[in-house]
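K.L.:
Have a peek at entry10.cif (mmCIF, C-alpha atoms).
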data_target
loop_
_atom_site.label_atom_id
_atom_site.label_comp_id
_atom_site.auth_asym_id
_atom_site.auth_seq_id
_atom_site.Cartn_x
_atom_site.Cartn_y
_atom_site.Cartn_z
CA MET A 1 107.54 -74.15 92.85
CA SER A 2 104.51 -71.91 93.52
CA ALA A 3 103.64 -69.08 91.15
CA ALA A 4 104.63 -66.50 93.82
CA THR A 5 108.03 -68.13 94.33
CA GLY A 6 108.45 -68.45 90.58
CA PHE A 7 107.79 -64.74 90.11
CA ALA A 8 110.19 -63.77 92.88
CA ALA A 9 112.90 -65.89 91.23
CA LEU A 10 112.14 -64.49 87.78
CA GLU A 11 112.13 -60.89 88.99
CA ALA A 12 115.43 -61.41 90.82
CA LYS A 13 116.92 -62.79 87.62
CA VAL A 14 115.62 -59.86 85.57
CA HIS A 15 116.94 -57.45 88.19
CA ALA A 16 120.40 -59.04 87.96
CA ILE A 17 120.35 -58.80 84.16
CA VAL A 18 119.44 -55.09 84.19
CA GLU A 19 122.08 -54.42 86.86
CA ALA A 20 124.70 -56.15 84.72
CA LEU A 21 123.60 -54.14 81.68
CA GLY A 22 123.85 -50.93 83.70
CA ARG A 23 127.42 -51.74 84.73
CA ASP A 24 128.15 -53.09 81.24
CA GLU A 25 129.48 -56.23 82.90
CA VAL A 26 128.57 -58.97 80.49
CA ALA A 27 131.90 -60.86 80.41
CA ASP A 28 131.58 -63.88 78.14
CA ASP A 29 127.85 -64.31 78.72
CA SER A 30 126.47 -64.39 75.18
CA GLY A 31 122.88 -63.70 76.24
CA LEU A 32 123.87 -60.62 78.22
CA ALA A 33 126.30 -59.51 75.53
CA ARG A 34 123.49 -59.54 72.98
CA LEU A 35 121.27 -57.41 75.25
CA ALA A 36 124.16 -55.05 76.00
CA ARG A 37 124.74 -54.56 72.26
CA ILE A 38 121.07 -53.69 71.82
CA VAL A 39 121.14 -51.21 74.72
CA ARG A 40 124.30 -49.55 73.35
CA HIS A 41 122.73 -49.38 69.92
CA ALA A 42 119.48 -47.94 71.31
CA ARG A 43 121.55 -45.35 73.17
CA GLY A 44 123.25 -44.39 69.93
CA ASP A 45 126.76 -45.33 70.95
CA GLY A 46 128.84 -48.40 70.26
CA GLU A 47 128.91 -50.01 66.88
CA GLY A 48 126.40 -48.46 64.50
CA SER A 49 126.37 -51.53 62.34
CA GLY A 50 123.63 -52.85 60.13
CA ALA A 51 123.54 -55.94 62.33
CA GLY A 52 122.56 -53.75 65.30
CA ASP A 53 119.77 -52.19 63.24
CA ASP A 54 118.56 -55.64 62.24
CA GLU A 55 118.53 -56.85 65.84
CA ARG A 56 116.65 -53.78 67.04
CA ALA A 57 114.12 -54.16 64.24
CA ARG A 58 113.66 -57.82 65.20
CA LEU A 59 113.09 -56.94 68.86
CA GLN A 60 110.67 -54.19 67.87
CA ARG A 61 108.75 -56.68 65.74
CA GLU A 62 108.68 -59.23 68.57
CA TRP A 63 107.41 -56.57 70.98
CA SER A 64 104.72 -55.45 68.52
CA GLU A 65 103.52 -59.03 68.10
CA PHE A 66 103.59 -59.69 71.84
CA SER A 67 101.81 -56.45 72.83
CA ALA A 68 99.17 -56.93 70.11
CA ARG A 69 98.52 -60.46 71.42
CA VAL A 70 98.27 -59.19 75.01
CA LEU A 71 95.86 -56.37 74.12
CA ARG A 72 93.76 -58.79 72.04
CA GLU A 73 93.57 -61.21 74.98
CA LEU A 74 92.61 -58.42 77.37
CA ASP A 75 89.76 -57.39 75.08
CA GLU A 76 88.49 -60.90 74.49
CA HIS A 77 86.14 -62.84 76.71
CA ALA A 78 87.03 -66.46 77.38
CA TRP A 79 84.47 -69.21 77.82
CA VAL A 80 84.99 -71.99 80.32
CA GLY A 81 82.79 -75.05 79.86
CA THR A 82 80.18 -75.63 77.21
CA GLY A 83 76.49 -76.30 76.85
CA THR A 84 74.63 -76.66 80.12
CA LEU A 85 77.30 -75.21 82.43
CA ARG A 86 79.53 -72.49 81.07
CA THR A 87 81.06 -69.24 82.26
CA ARG A 88 82.14 -66.22 80.24
CA VAL A 89 85.21 -64.59 81.77
CA ALA A 90 86.38 -61.02 81.17
CA TRP A 91 89.94 -59.93 81.97
CA THR A 92 88.55 -57.74 84.77
CA GLY A 93 87.11 -60.83 86.49
CA ASP A 94 83.53 -60.12 85.45
CA LEU A 95 81.78 -63.47 85.11
CA GLN A 96 78.61 -64.55 83.36
CA VAL A 97 77.53 -68.04 84.39
CA VAL A 98 74.98 -70.01 82.39
CA VAL A 99 73.62 -73.13 84.09
CA ALA A 100 70.88 -75.59 83.23
CA ALA A 101 68.85 -77.44 85.82
CA GLY A 102 70.26 -80.85 86.57
CA ALA A 103 73.97 -80.03 86.67
CA SER A 104 75.38 -82.32 89.36
CA ALA A 105 77.43 -81.17 92.36
CA ALA A 106 80.50 -82.84 90.86
CA GLU A 107 79.99 -81.03 87.55
CA ARG A 108 79.59 -77.72 89.37
CA ALA A 109 82.73 -78.33 91.45
CA ALA A 110 84.77 -79.26 88.37
CA HIS A 111 83.47 -76.22 86.55
CA LEU A 112 84.36 -73.88 89.42
CA GLY A 113 87.86 -75.39 89.47
CA ALA A 114 88.25 -74.71 85.75
CA VAL A 115 87.10 -71.09 86.15
CA ASP A 116 89.51 -70.65 89.05
CA GLU A 117 92.36 -72.07 86.95
CA LEU A 118 91.65 -69.66 84.09
CA LEU A 119 91.53 -66.69 86.47
CA ALA A 120 94.82 -67.77 88.07
CA ALA A 121 96.48 -68.01 84.63
CA ARG A 122 95.22 -64.53 83.74
CA ALA A 123 96.54 -63.10 87.01
CA ARG A 124 99.96 -64.60 86.25
CA ARG A 125 99.94 -63.07 82.77
CA LEU A 126 99.05 -59.64 84.09
CA ARG A 127 101.85 -59.86 86.63
CA LEU A 128 104.25 -60.89 83.87
CA LEU A 129 103.14 -57.89 81.84
CA VAL A 130 103.75 -55.60 84.81
CA THR A 131 107.20 -57.18 85.25
CA ILE A 132 108.00 -56.28 81.63
CA VAL A 133 106.77 -52.68 82.04
CA ALA A 134 108.70 -52.26 85.32
CA THR A 135 111.81 -53.66 83.61
CA ALA A 136 111.34 -51.22 80.72
CA ARG A 137 111.15 -48.37 83.20
CA ARG A 138 114.54 -49.39 84.63
CA ILE A 139 116.12 -49.98 81.22
CA SER A 140 114.87 -46.57 80.02
CA GLY A 141 117.25 -45.08 82.61
CA LEU A 142 120.12 -46.65 80.68
CA LEU A 143 119.03 -45.23 77.34
CA VAL A 144 118.65 -41.50 78.07
CA THR A 145 116.97 -40.87 74.73
CA PRO A 146 113.67 -39.22 73.79
CA ALA A 147 110.78 -41.62 74.44
CA ALA A 148 113.23 -43.92 76.23
CA LEU A 149 110.44 -45.93 77.88
CA ILE A 150 108.89 -46.85 74.54
CA SER A 151 112.31 -47.74 73.13
CA ALA A 152 112.98 -49.82 76.26
CA LEU A 153 109.88 -52.00 76.02
CA PRO A 154 111.26 -54.37 73.32
CA VAL A 155 114.55 -54.64 75.24
CA ALA A 156 112.61 -55.32 78.46
CA LEU A 157 110.67 -58.13 76.79
CA ALA A 158 113.95 -59.62 75.56
CA SER A 159 115.44 -59.31 79.06
CA VAL A 160 112.47 -61.04 80.70
CA ARG A 161 112.60 -63.78 78.07
CA GLU A 162 116.33 -64.14 78.70
CA ALA A 163 115.71 -64.44 82.47
CA HIS A 164 112.94 -66.94 81.82
CA ALA A 165 115.21 -68.99 79.57
CA ARG A 166 117.74 -69.22 82.40
CA GLY A 167 115.58 -71.78 84.12
CA GLU A 168 113.94 -69.75 86.85
CA GLY A 169 110.25 -69.13 87.23
CA THR A 170 109.35 -71.82 84.77
CA ARG A 171 105.71 -71.85 85.87
CA VAL A 172 104.94 -68.19 85.71
CA ASP A 173 103.78 -67.97 82.13
CA ALA A 174 102.33 -71.42 81.48
CA ASP A 175 98.59 -71.89 81.14
CA ALA A 176 96.71 -74.91 82.45
CA GLY A 177 97.85 -76.96 79.49
CA GLY A 178 101.49 -76.02 80.08
CA MET A 179 101.61 -73.78 77.01
CA SER A 180 104.00 -70.85 77.22
CA TRP A 181 102.58 -67.37 76.88
CA LEU A 182 105.83 -65.39 77.00
CA MET B 1 109.88 -44.67 65.13
CA ALA B 2 108.88 -41.10 64.16
CA VAL B 3 107.91 -38.57 66.85
CA ASN B 4 104.28 -38.57 65.65
CA ASP B 5 104.19 -42.36 65.83
CA ILE B 6 105.52 -42.23 69.40
CA LYS B 7 102.93 -39.59 70.38
CA GLU B 8 100.18 -41.65 68.77
CA ALA B 9 101.37 -44.82 70.54
CA GLY B 10 101.46 -42.92 73.85
CA ARG B 11 97.94 -41.52 73.31
CA SER B 12 96.61 -44.94 72.35
CA ALA B 13 98.22 -46.55 75.42
CA ALA B 14 96.80 -43.82 77.68
CA ASP B 15 93.30 -44.35 76.22
CA THR B 16 93.62 -48.09 76.70
CA ILE B 17 94.79 -47.70 80.30
CA ARG B 18 91.95 -45.25 81.06
CA LYS B 19 89.42 -47.74 79.72
CA TYR B 20 90.93 -50.57 81.80
CA ILE B 21 90.83 -48.47 84.98
CA GLU B 22 87.15 -47.68 84.32
CA ASP B 23 86.50 -51.39 83.76
CA VAL B 24 88.24 -52.34 87.00
CA ALA B 25 86.08 -49.96 89.05
CA GLU B 26 83.19 -52.42 88.94
CA LEU B 27 83.04 -56.18 89.33
CA ARG B 28 79.95 -57.93 88.03
CA VAL B 29 78.99 -61.58 88.32
CA GLU B 30 75.79 -62.79 86.71
CA THR B 31 74.23 -66.23 86.80
CA GLN B 32 71.67 -67.20 84.21
CA THR B 33 69.53 -70.29 83.99
CA LEU B 34 68.94 -72.24 80.86
CA VAL B 35 66.11 -74.59 79.99
CA VAL B 36 67.53 -77.49 78.02
CA GLY B 37 65.69 -78.50 74.88
CA THR B 38 64.11 -75.12 74.19
CA ASP B 39 65.17 -72.14 72.13
CA ALA B 40 64.55 -69.81 75.06
CA ALA B 41 67.37 -67.43 75.88
CA PRO B 42 69.06 -67.87 79.28
CA GLN B 43 67.25 -65.99 82.04
CA LEU B 44 69.01 -63.86 84.65
CA ALA B 45 68.77 -65.60 88.02
CA ALA B 46 71.33 -63.84 90.18
CA ARG B 47 73.57 -60.83 89.89
CA THR B 48 76.19 -59.35 92.20
CA THR B 49 77.78 -55.98 91.48
CA LEU B 50 80.66 -54.75 93.59
CA ARG B 51 82.06 -51.26 93.13
CA LEU B 52 85.37 -49.91 94.36
CA ASP B 53 83.47 -47.07 96.05
CA GLY B 54 81.69 -49.69 98.20
CA ASP B 55 78.32 -49.46 96.43
CA ASN B 56 77.35 -53.15 96.19
CA THR B 57 74.13 -54.78 95.00
CA THR B 58 72.97 -58.38 94.84
CA VAL B 59 70.01 -59.94 93.08
CA LEU B 60 69.14 -63.31 94.60
CA PRO B 61 67.60 -66.32 92.87
CA VAL B 62 64.25 -67.26 94.44
CA GLN B 63 61.53 -69.76 93.69
CA ALA B 64 57.96 -70.11 94.94
CA ALA B 65 57.49 -72.85 97.55
CA ALA B 66 54.31 -74.94 97.74
CA THR B 67 53.01 -72.46 100.31
CA GLY B 68 53.50 -69.62 97.84
CA LYS B 69 56.32 -68.20 99.91
CA LEU B 70 59.43 -67.17 97.97
CA GLU B 71 62.54 -69.11 98.90
CA VAL B 72 66.14 -68.72 97.80
CA ASP B 73 67.23 -71.44 95.37
CA ALA B 74 70.06 -72.70 97.58
CA ALA B 75 72.02 -74.67 94.98
CA LEU B 76 71.91 -71.88 92.42
CA HIS B 77 72.76 -69.30 95.04
CA GLU B 78 75.77 -71.33 96.21
CA LEU B 79 77.05 -71.72 92.63
CA HIS B 80 76.65 -67.99 92.11
CA MET B 81 78.39 -67.07 95.37
CA GLN B 82 81.31 -69.41 94.64
CA HIS B 83 81.80 -67.61 91.33
CA VAL B 84 81.61 -64.29 93.19
CA ARG B 85 84.33 -65.49 95.61
CA ASN B 86 86.53 -66.60 92.67
CA ALA B 87 86.01 -63.23 90.97
CA ILE B 88 86.84 -61.27 94.15
CA GLU B 89 90.02 -63.29 94.69
CA TYR B 90 91.09 -62.62 91.10
CA ARG B 91 90.19 -58.93 91.36
CA ASN B 92 92.31 -58.62 94.52
CA LYS B 93 95.28 -60.11 92.64
CA LEU B 94 94.60 -57.76 89.73
CA LEU B 95 94.57 -54.69 91.98
CA GLU B 96 97.75 -55.90 93.69
CA VAL B 97 99.46 -56.24 90.29
CA LEU B 98 98.25 -52.82 89.11
CA GLY B 99 99.32 -51.32 92.44
CA GLY B 100 102.80 -52.79 91.87
CA LEU B 101 102.90 -51.05 88.51
CA LEU B 102 101.92 -47.70 90.02
CA ARG B 103 104.49 -48.12 92.81
CA GLY B 104 107.09 -48.78 90.11
CA ARG B 105 108.03 -52.24 91.39
#
Show how you would write the structure in this file as structure tokens.

P.N.:
Amino acid sequence: MSAATGFAALEAKVHAIVEALGRDEVADDSGLARLARIVRHARGDGEGSGAGDDERARLQREWSEFSARVLRELDEHAWVGTGTLRTRVAWTGDLQVVVAAGASAAERAAHLGAVDELLAARARRLRLLVTIVATARRISGLLVTPAALISALPVALASVREAHARGEGTRVDADAGGMSWL
Amino acid sequence: MAVNDIKEAGRSAADTIRKYIEDVAELRVETQTLVVGTDAAPQLAARTTLRLDGDNTTVLPVQAAATGKLEVDAALHELHMQHVRNAIEYRNKLLEVLGGLLRGR
């Protein structure tokens, strides 16, 4: 599955989840039911239990950790390669290449491939981030509370994670080593 | 979250976004050469700067031939230009993603 196809599948899944939350049609789907409880709680209706508060606090914490990690990554420069052939990569795509005489054509080609791979992974992460923000914008319409968009961001992250866990778009957040970013 | 916290978070996010938009307005690729076995700092050999407003500049790597004529260092230039192509491709994806955000995808 290509990254583009993976994203289309993931976004369709997220869309279906938000639609179901909007209609409050969660049936016996435990994942959706959990999200619906959080949305009701964020809206101020439904059960005002301590469990709801705990779950919201947990989601808020998860969002804070995730957004801090994202902002840190956007501010950091990554290095690809070492020693005689290395490239410093900014999130904007600015590159600083350092090369010593004598690097072979094969070494240069391998290095360019590694830089390309890192840039592709970053592009996927940015798209994933935009998917979360776009999802938050839609969920904020369900909340109708002051600062609904900010309140919706943790729920949006949980919704995208839920969609991701449902087996679609499995490549969209993995880096070259297969590590998950989401 | 208190109202002041929300306002502060909103202001901080707006500042961050403004900085990112400024950063995206220019794409810069630099290639430096390094002499192995010395403590000398890497020397700038080539630089390409592309701006969204279309103002682009390129510094090319050259070396003196036996005749004294300056010639472009082909291998270094090719490595630099391949990095420029990679960076442009990434930047196009980045702008597409940011455009999706502005369109409210």

K.L.:
What is the distance, in Å and to one decimal place, between atom CA of B:Thr38 and atom CA of B:Pro61?

P.N.:
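Separation of atom CA of B:Thr38 and atom CA of B:Pro61: 20.9 Å.
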
K.L.:
Run the PyMOL selection byres ((chain A and resi 10) around 8) against the file shown and list the residues it catches, as a VMD selection string.

P.N.:
chain A and resid 6 to 9 11 to 14 160 163 to 164 168 to 169

K.L.:
Please build the interface table for chain B against chain A with a cut-off of 8 Å, listing for each qualifying residue the nearest atom pair and the distance in Å to one decimal; count all atoms listed in the file, order rows by chain and increasing number, and write it as CSV.

P.N.:
residue,atom,partner,partner_atom,distance
B:Ile6,CA,A:Ala147,CA,7.3
B:Asp23,CA,A:Thr92,CA,6.7
B:Val24,CA,A:Thr92,CA,5.9
B:Leu27,CA,A:Asp94,CA,5.6
B:Arg28,CA,A:Asp94,CA,4.9
B:Val29,CA,A:Leu95,CA,4.7
B:Glu30,CA,A:Gln96,CA,4.7
B:Thr31,CA,A:Val97,CA,4.5
B:Gln32,CA,A:Val98,CA,4.7
B:Thr33,CA,A:Val99,CA,5.0
B:Leu34,CA,A:Ala100,CA,4.5
B:Val35,CA,A:Ala100,CA,5.9
B:Val36,CA,A:Ala100,CA,6.5
B:Pro42,CA,A:Val98,CA,7.0
B:Leu79,CA,A:Arg108,CA,7.3
B:His80,CA,A:Val97,CA,7.8
B:Gln82,CA,A:Leu112,CA,7.5
B:His83,CA,A:Leu112,CA,7.0
B:Asn86,CA,A:Asp116,CA,6.2
B:Ala87,CA,A:Gly93,CA,5.2
B:Ile88,CA,A:Gly93,CA,7.7
B:Tyr90,CA,A:Leu119,CA,6.2
B:Arg91,CA,A:Gly93,CA,6.1
B:Lys93,CA,A:Ala123,CA,6.5
B:Leu94,CA,A:Ala123,CA,6.3
B:Val97,CA,A:Arg127,CA,5.7
B:Leu98,CA,A:Val130,CA,7.5
B:Gly100,CA,A:Val130,CA,7.7
B:Leu101,CA,A:Val130,CA,5.9
B:Gly104,CA,A:Ala134,CA,6.1
B:Arg105,CA,A:Ala134,CA,6.1

K.L.:
Here's a test: counting only C-alpha atoms, identify every protein, DNA and RNA residue with an atom at most 7 Å from (119.6, -43.6, 74.0) in the file's coordinate frame, and state them as a VMD selection string.

P.N.:
chain A and resid 42 to 44 143 to 145 148

K.L.:
Mind dumping the selected residues with C-alpha atoms as a short mmCIF file (atom, residue, chain, number, x, y, z; two decimals), in the frame of the given file?

P.N.:
data_model
loop_
_atom_site.label_atom_id
_atom_site.label_comp_id
_atom_site.auth_asym_id
_atom_site.auth_seq_id
_atom_site.Cartn_x
_atom_site.Cartn_y
_atom_site.Cartn_z
CA ALA A 42 119.48 -47.94 71.31
CA ARG A 43 121.55 -45.35 73.17
CA GLY A 44 123.25 -44.39 69.93
CA LEU A 143 119.03 -45.23 77.34
CA VAL A 144 118.65 -41.50 78.07
CA THR A 145 116.97 -40.87 74.73
CA ALA A 148 113.23 -43.92 76.23
#

K.L.:
Could you check how far atom CA of B:Asn92 sits from atom CA of B:Glu26, in Å to one decimal?

P.N.:
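Separating atom CA of B:Asn92 from atom CA of B:Glu26 is a distance of 12.4 Å.
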